[in-house]
file coords-v4.txt (compact mmCIF, C-alpha atoms)
# COMPACT_ATOMS: atom_id res chain seq x y z
CA MET X 243 31.84 -12.32 2.55
CA THR X 244 33.34 -15.29 0.76
CA GLY X 245 34.47 -16.66 4.12
CA ALA X 246 30.86 -16.99 5.28
CA ALA X 247 30.05 -19.05 2.20
CA ILE X 248 33.11 -21.27 2.66
CA TYR X 249 32.41 -21.79 6.35
CA GLY X 250 28.79 -22.66 5.56
CA ILE X 251 29.78 -25.21 2.94
CA LEU X 252 32.38 -26.92 5.13
CA ARG X 253 30.25 -26.80 8.29
CA THR X 254 27.38 -28.59 6.57
CA THR X 255 29.46 -31.30 4.90
CA ASN X 256 29.52 -34.52 6.92
CA ALA X 257 32.78 -35.69 5.33
CA ILE X 258 34.44 -32.57 6.81
CA THR X 259 32.68 -32.36 10.17
CA ASP X 260 33.22 -36.07 10.82
CA LEU X 261 36.96 -35.31 10.79
CA VAL X 262 37.25 -31.81 12.30
CA SER X 263 33.87 -31.21 13.96
CA ASN X 264 33.40 -27.42 14.04
CA ARG X 265 37.15 -26.65 14.13
CA ILE X 266 37.09 -24.52 10.97
CA TYR X 267 38.63 -21.07 11.44
CA PRO X 268 39.18 -17.95 9.34
CA SER X 269 42.92 -17.15 9.16
CA VAL X 270 44.08 -18.30 12.62
CA ALA X 271 42.96 -21.04 14.99
CA PRO X 272 42.85 -20.50 18.75
CA GLN X 273 45.99 -21.82 20.48
CA SER X 274 43.94 -24.33 22.44
CA SER X 275 42.42 -25.92 19.31
CA THR X 276 42.22 -29.70 19.23
CA LEU X 277 43.78 -31.38 16.20
CA PRO X 278 42.89 -31.80 13.41
CA PHE X 279 41.51 -28.45 12.29
CA ILE X 280 41.23 -26.24 9.21
CA THR X 281 42.08 -22.58 8.71
CA TYR X 282 41.31 -20.65 5.54
CA SER X 283 42.32 -17.26 4.18
CA THR X 284 42.17 -15.24 0.98
CA VAL X 285 45.43 -15.20 -0.97
CA THR X 286 44.27 -13.08 -3.90
CA ASN X 287 41.07 -11.54 -5.22
CA THR X 288 41.29 -10.82 -8.95
CA PRO X 289 38.38 -8.99 -10.56
CA ASN X 290 37.29 -9.80 -14.10
CA GLU X 291 37.54 -6.29 -15.50
CA THR X 292 35.06 -4.97 -18.03
CA LYS X 293 34.92 -1.87 -20.21
CA SER X 294 31.41 -1.04 -19.06
CA GLY X 295 31.88 -0.82 -15.29
CA ALA X 296 32.76 -2.65 -12.13
CA SER X 297 33.55 -6.34 -12.23
CA LYS X 298 30.58 -8.70 -11.94
CA VAL X 299 32.91 -11.68 -11.40
CA ASP X 300 35.88 -12.13 -9.08
CA TYR X 301 38.38 -14.98 -9.01
CA ILE X 302 39.31 -15.54 -5.37
CA LEU X 303 42.19 -17.81 -4.42
CA ILE X 304 41.64 -19.32 -0.97
CA GLN X 305 44.33 -21.17 0.96
CA PHE X 306 43.17 -23.88 3.33
CA ASP X 307 45.65 -25.09 5.94
CA VAL X 308 44.94 -28.46 7.51
CA TYR X 309 46.75 -29.22 10.77
CA GLY X 310 46.95 -32.61 12.43
CA ASP X 311 49.08 -34.79 14.67
CA THR X 312 49.68 -37.39 11.93
CA VAL X 313 50.20 -37.34 8.19
CA LEU X 314 47.20 -39.63 7.76
CA ALA X 315 44.91 -37.26 9.68
CA VAL X 316 46.00 -34.32 7.53
CA GLU X 317 45.63 -36.29 4.30
CA GLY X 318 42.15 -37.49 5.28
CA VAL X 319 40.92 -33.94 5.85
CA THR X 320 42.63 -32.73 2.67
CA GLU X 321 40.92 -35.44 0.61
CA ALA X 322 37.56 -34.49 2.12
CA LEU X 323 38.21 -30.82 1.27
CA ARG X 324 39.01 -31.67 -2.32
CA ALA X 325 35.97 -33.93 -2.68
CA THR X 326 33.78 -31.15 -1.27
CA LEU X 327 35.14 -28.10 -3.10
CA ASP X 328 36.67 -29.21 -6.40
CA PHE X 329 34.13 -28.31 -9.10
CA ILE X 330 31.46 -27.50 -6.53
CA THR X 331 27.92 -27.20 -7.85
CA PRO X 332 27.28 -23.54 -8.72
CA GLY X 333 24.79 -21.93 -6.39
CA THR X 334 24.16 -19.43 -3.64
CA TYR X 335 25.87 -20.22 -0.35
CA ASN X 336 25.15 -17.89 2.60
CA SER X 337 23.99 -15.24 0.09
CA ILE X 338 27.22 -15.50 -1.95
CA GLN X 339 26.84 -16.70 -5.54
CA ILE X 340 29.63 -19.20 -6.25
CA ASP X 341 29.86 -20.01 -9.94
CA GLY X 342 32.47 -22.71 -9.38
CA ALA X 343 35.64 -23.72 -7.59
CA SER X 344 38.69 -25.67 -8.68
CA PHE X 345 41.72 -27.20 -7.01
CA ARG X 346 44.94 -25.28 -7.71
CA GLY X 347 47.63 -27.13 -5.76
CA GLU X 348 48.93 -28.28 -2.40
CA ARG X 349 52.04 -28.24 -0.24
CA THR X 350 52.97 -30.63 2.56
CA LEU X 351 54.75 -29.10 5.55
CA TYR X 352 55.82 -29.96 9.06
CA GLU X 353 55.74 -27.35 11.84
CA GLU X 354 58.77 -28.38 13.90
CA ASP X 355 58.20 -25.82 16.67
CA PHE X 356 54.76 -27.28 17.38
CA GLU X 357 55.37 -30.86 16.17
CA VAL X 358 52.35 -30.65 13.90
CA HIS X 359 51.80 -31.86 10.35
CA ARG X 360 50.28 -29.38 7.92
CA LYS X 361 49.07 -29.35 4.36
CA SER X 362 48.22 -26.16 2.49
CA VAL X 363 45.64 -26.57 -0.25
CA ASP X 364 44.61 -23.85 -2.71
CA PHE X 365 41.24 -23.50 -4.44
CA GLN X 366 40.14 -20.80 -6.82
CA PHE X 367 36.52 -19.68 -6.45
CA ARG X 368 34.59 -17.83 -9.12
CA ILE X 369 32.21 -15.40 -7.38
CA LYS X 370 29.42 -13.63 -9.28
CA TYR X 371 27.87 -10.35 -8.24
CA THR X 372 24.51 -9.03 -9.31
call {"tool": "encode", "arguments": {"input": "coords-v4.txt", "output": "structure tokens"}}
result
Amino acid sequence: MTGAAIYGILRTTNAITDLVSNRIYPSVAPQSSTLPFITYSTVTNTPNETKSGASKVDYILIQFDVYGDTVLAVEGVTEALRATLDFITPGTYNSIQIDGASFRGERTLYEEDFEVHRKSVDFQFRIKYT
């Protein structure tokens, strides 16, 4: 469910689509994908436990991987991701109520087998349930 909200946010943000078009994929990109592109996946989902019942709030850590043929391409997409998601305006996105999101860290990598630059960026989302 959270993936639909994330995809909707990224797909409707010009700063993102100007760089990757519609190349935004859950978990794995097709092998034939043109660079640069973004993949995203859930790392952890931690409920906010209560004494009175099921959690009404989850903290979901999402990892975004940005792939590109140059360091500059990867950094440009990463900066656009951070500008879009860090402290996002609370609201309902594709029927998912996001109460906020915050940047949690990044790692720069190089995929030698594919000769591709990659940066992994983590954001924590606070999701509210009614």
call {"tool": "closest_residue", "arguments": {"input": "coords-v4.txt", "among": "X:Met243, X:Ile338, X:Leu323, X:Leu252", "to": "Val308 of chain X", "atoms": "all atoms listed in the file"}}
result
X:Leu323
call {"tool": "residues_around", "arguments": {"input": "coords-v4.txt", "residues": "Val262 of chain X", "least_positions_apart": "2", "cutoff": "12 Å", "atoms": "all atoms listed in the file", "output": "number ranges by chain"}}
result
X: 252-260, 264-267, 275-281, 308-310, 315-316, 318-320, 322-323
call {"tool": "residues_around", "arguments": {"input": "coords-v4.txt", "residues": "Asp341 of chain X", "least_positions_apart": "3", "cutoff": "7 Å", "atoms": "all atoms listed in the file", "output": "list in words"}}
result
Pro332, Gly333, Arg368, Ile369 and Lys370 of chain X
call {"tool": "atom_distance", "arguments": {"input": "coords-v4.txt", "atom1": "atom CA of Gly250 of chain X", "atom2": "atom CA of Phe356 of chain X"}}
result
28.9 Å
call {"tool": "closest_residue", "arguments": {"input": "coords-v4.txt", "among": "X:Val358, X:Val270, X:Ile330, X:Ile248", "to": "Val313 of chain X", "atoms": "all atoms listed in the file"}}
result
X:Val358
call {"tool": "closest_residue", "arguments": {"input": "coords-v4.txt", "among": "X:Leu314, X:Arg324, X:Tyr371, X:Ile304", "to": "Asn290 of chain X", "atoms": "only C-alpha atoms"}}
result
X:Tyr371
call {"tool": "closest_residue", "arguments": {"input": "coords-v4.txt", "among": "X:Thr334, X:Thr292, X:Thr372, X:Gly347", "to": "Phe306 of chain X", "atoms": "all atoms listed in the file"}}
result
X:Gly347
call {"tool": "atom_distance", "arguments": {"input": "coords-v4.txt", "atom1": "atom CA of Arg349 of chain X", "atom2": "atom CA of Val363 of chain X"}}
result
6.6 Å
call {"tool": "axis_aligned_box", "arguments": {"input": "coords-v4.txt", "around": "segment 312-330 of chain X", "padding_each_side": "8 Å", "output": "lines of an AutoDock Vina configuration file"}}
result
center_x = 40.8
center_y = -33.6
center_z = 1.4
size_x = 34.7
size_y = 28.1
size_z = 37.0
call {"tool": "atom_distance", "arguments": {"input": "coords-v4.txt", "atom1": "atom CA of Asp307 of chain X", "atom2": "atom CA of Asn287 of chain X"}}
result
18.1 Å
call {"tool": "closest_residue", "arguments": {"input": "coords-v4.txt", "among": "X:Ser294, X:Thr350, X:Gln366, X:Gln273", "to": "Phe329 of chain X", "atoms": "only C-alpha atoms"}}
result
X:Gln366
call {"tool": "closest_residue", "arguments": {"input": "coords-v4.txt", "among": "X:Ser297, X:Ser337, X:Thr284, X:Gln305", "to": "Ser362 of chain X", "atoms": "only C-alpha atoms"}}
result
X:Gln305
call {"tool": "build_atoms", "arguments": {"input": "coords-v4.txt", "residues": "segment 279-302 of chain X", "atoms": "N, CA, C and O atoms", "output": "compact mmCIF listing (two decimals), keeping the file's coordinate frame"}}
result
# COMPACT_ATOMS: atom_id res chain seq x y z
N PHE X 279 42.37 -29.59 12.57
CA PHE X 279 41.51 -28.45 12.29
C PHE X 279 41.90 -27.82 10.96
O PHE X 279 42.94 -28.15 10.39
N ILE X 280 41.03 -26.93 10.49
CA ILE X 280 41.23 -26.24 9.21
C ILE X 280 41.23 -24.74 9.46
O ILE X 280 40.39 -24.23 10.21
N THR X 281 42.17 -24.04 8.81
CA THR X 281 42.08 -22.58 8.71
C THR X 281 41.98 -22.24 7.23
O THR X 281 42.40 -23.01 6.37
N TYR X 282 41.42 -21.08 6.94
CA TYR X 282 41.31 -20.65 5.54
C TYR X 282 41.50 -19.14 5.47
O TYR X 282 41.16 -18.40 6.40
N SER X 283 42.11 -18.69 4.37
CA SER X 283 42.32 -17.26 4.18
C SER X 283 42.42 -16.94 2.69
O SER X 283 42.80 -17.79 1.88
N THR X 284 42.09 -15.71 2.36
CA THR X 284 42.17 -15.24 0.98
C THR X 284 43.61 -14.93 0.63
O THR X 284 44.28 -14.19 1.36
N VAL X 285 44.08 -15.49 -0.47
CA VAL X 285 45.43 -15.20 -0.97
C VAL X 285 45.37 -14.04 -1.96
O VAL X 285 46.11 -13.08 -1.85
N THR X 286 44.47 -14.16 -2.93
CA THR X 286 44.27 -13.08 -3.90
C THR X 286 42.80 -12.98 -4.27
O THR X 286 42.06 -13.96 -4.19
N ASN X 287 42.40 -11.79 -4.68
CA ASN X 287 41.07 -11.54 -5.22
C ASN X 287 41.28 -10.77 -6.51
O ASN X 287 41.67 -9.60 -6.49
N THR X 288 41.05 -11.43 -7.65
CA THR X 288 41.29 -10.82 -8.95
C THR X 288 39.96 -10.56 -9.64
O THR X 288 39.24 -11.51 -9.97
N PRO X 289 39.64 -9.29 -9.87
CA PRO X 289 38.38 -8.99 -10.56
C PRO X 289 38.50 -9.29 -12.05
O PRO X 289 39.59 -9.24 -12.63
N ASN X 290 37.38 -9.61 -12.66
CA ASN X 290 37.29 -9.80 -14.10
C ASN X 290 36.86 -8.45 -14.67
O ASN X 290 35.67 -8.14 -14.70
N GLU X 291 37.83 -7.66 -15.09
CA GLU X 291 37.54 -6.29 -15.50
C GLU X 291 36.72 -6.23 -16.78
O GLU X 291 36.85 -7.09 -17.65
N THR X 292 35.88 -5.21 -16.85
CA THR X 292 35.06 -4.97 -18.03
C THR X 292 35.23 -3.52 -18.47
O THR X 292 35.67 -2.67 -17.69
N LYS X 293 34.85 -3.24 -19.70
CA LYS X 293 34.92 -1.87 -20.21
C LYS X 293 33.71 -1.05 -19.78
O LYS X 293 33.73 0.17 -19.83
N SER X 294 32.66 -1.74 -19.34
CA SER X 294 31.41 -1.04 -19.06
C SER X 294 31.17 -0.76 -17.57
O SER X 294 30.12 -0.24 -17.22
N GLY X 295 32.11 -1.11 -16.70
CA GLY X 295 31.88 -0.82 -15.29
C GLY X 295 32.60 -1.79 -14.37
O GLY X 295 33.51 -2.51 -14.79
N ALA X 296 32.14 -1.81 -13.15
CA ALA X 296 32.76 -2.65 -12.13
C ALA X 296 32.61 -4.13 -12.48
O ALA X 296 31.66 -4.54 -13.14
N SER X 297 33.55 -4.90 -11.99
CA SER X 297 33.55 -6.34 -12.23
C SER X 297 32.30 -6.99 -11.65
O SER X 297 31.88 -6.70 -10.54
N LYS X 298 31.72 -7.90 -12.41
CA LYS X 298 30.58 -8.70 -11.94
C LYS X 298 31.04 -10.09 -11.52
O LYS X 298 30.25 -10.89 -11.04
N VAL X 299 32.34 -10.38 -11.73
CA VAL X 299 32.91 -11.68 -11.40
C VAL X 299 34.29 -11.48 -10.80
O VAL X 299 35.10 -10.72 -11.34
N ASP X 300 34.55 -12.14 -9.68
CA ASP X 300 35.88 -12.13 -9.08
C ASP X 300 36.40 -13.56 -9.02
O ASP X 300 35.62 -14.50 -8.82
N TYR X 301 37.71 -13.70 -9.19
CA TYR X 301 38.38 -14.98 -9.01
C TYR X 301 39.15 -14.89 -7.70
O TYR X 301 40.09 -14.10 -7.59
N ILE X 302 38.73 -15.65 -6.71
CA ILE X 302 39.31 -15.54 -5.37
C ILE X 302 40.07 -16.82 -5.06
O ILE X 302 39.49 -17.91 -5.07
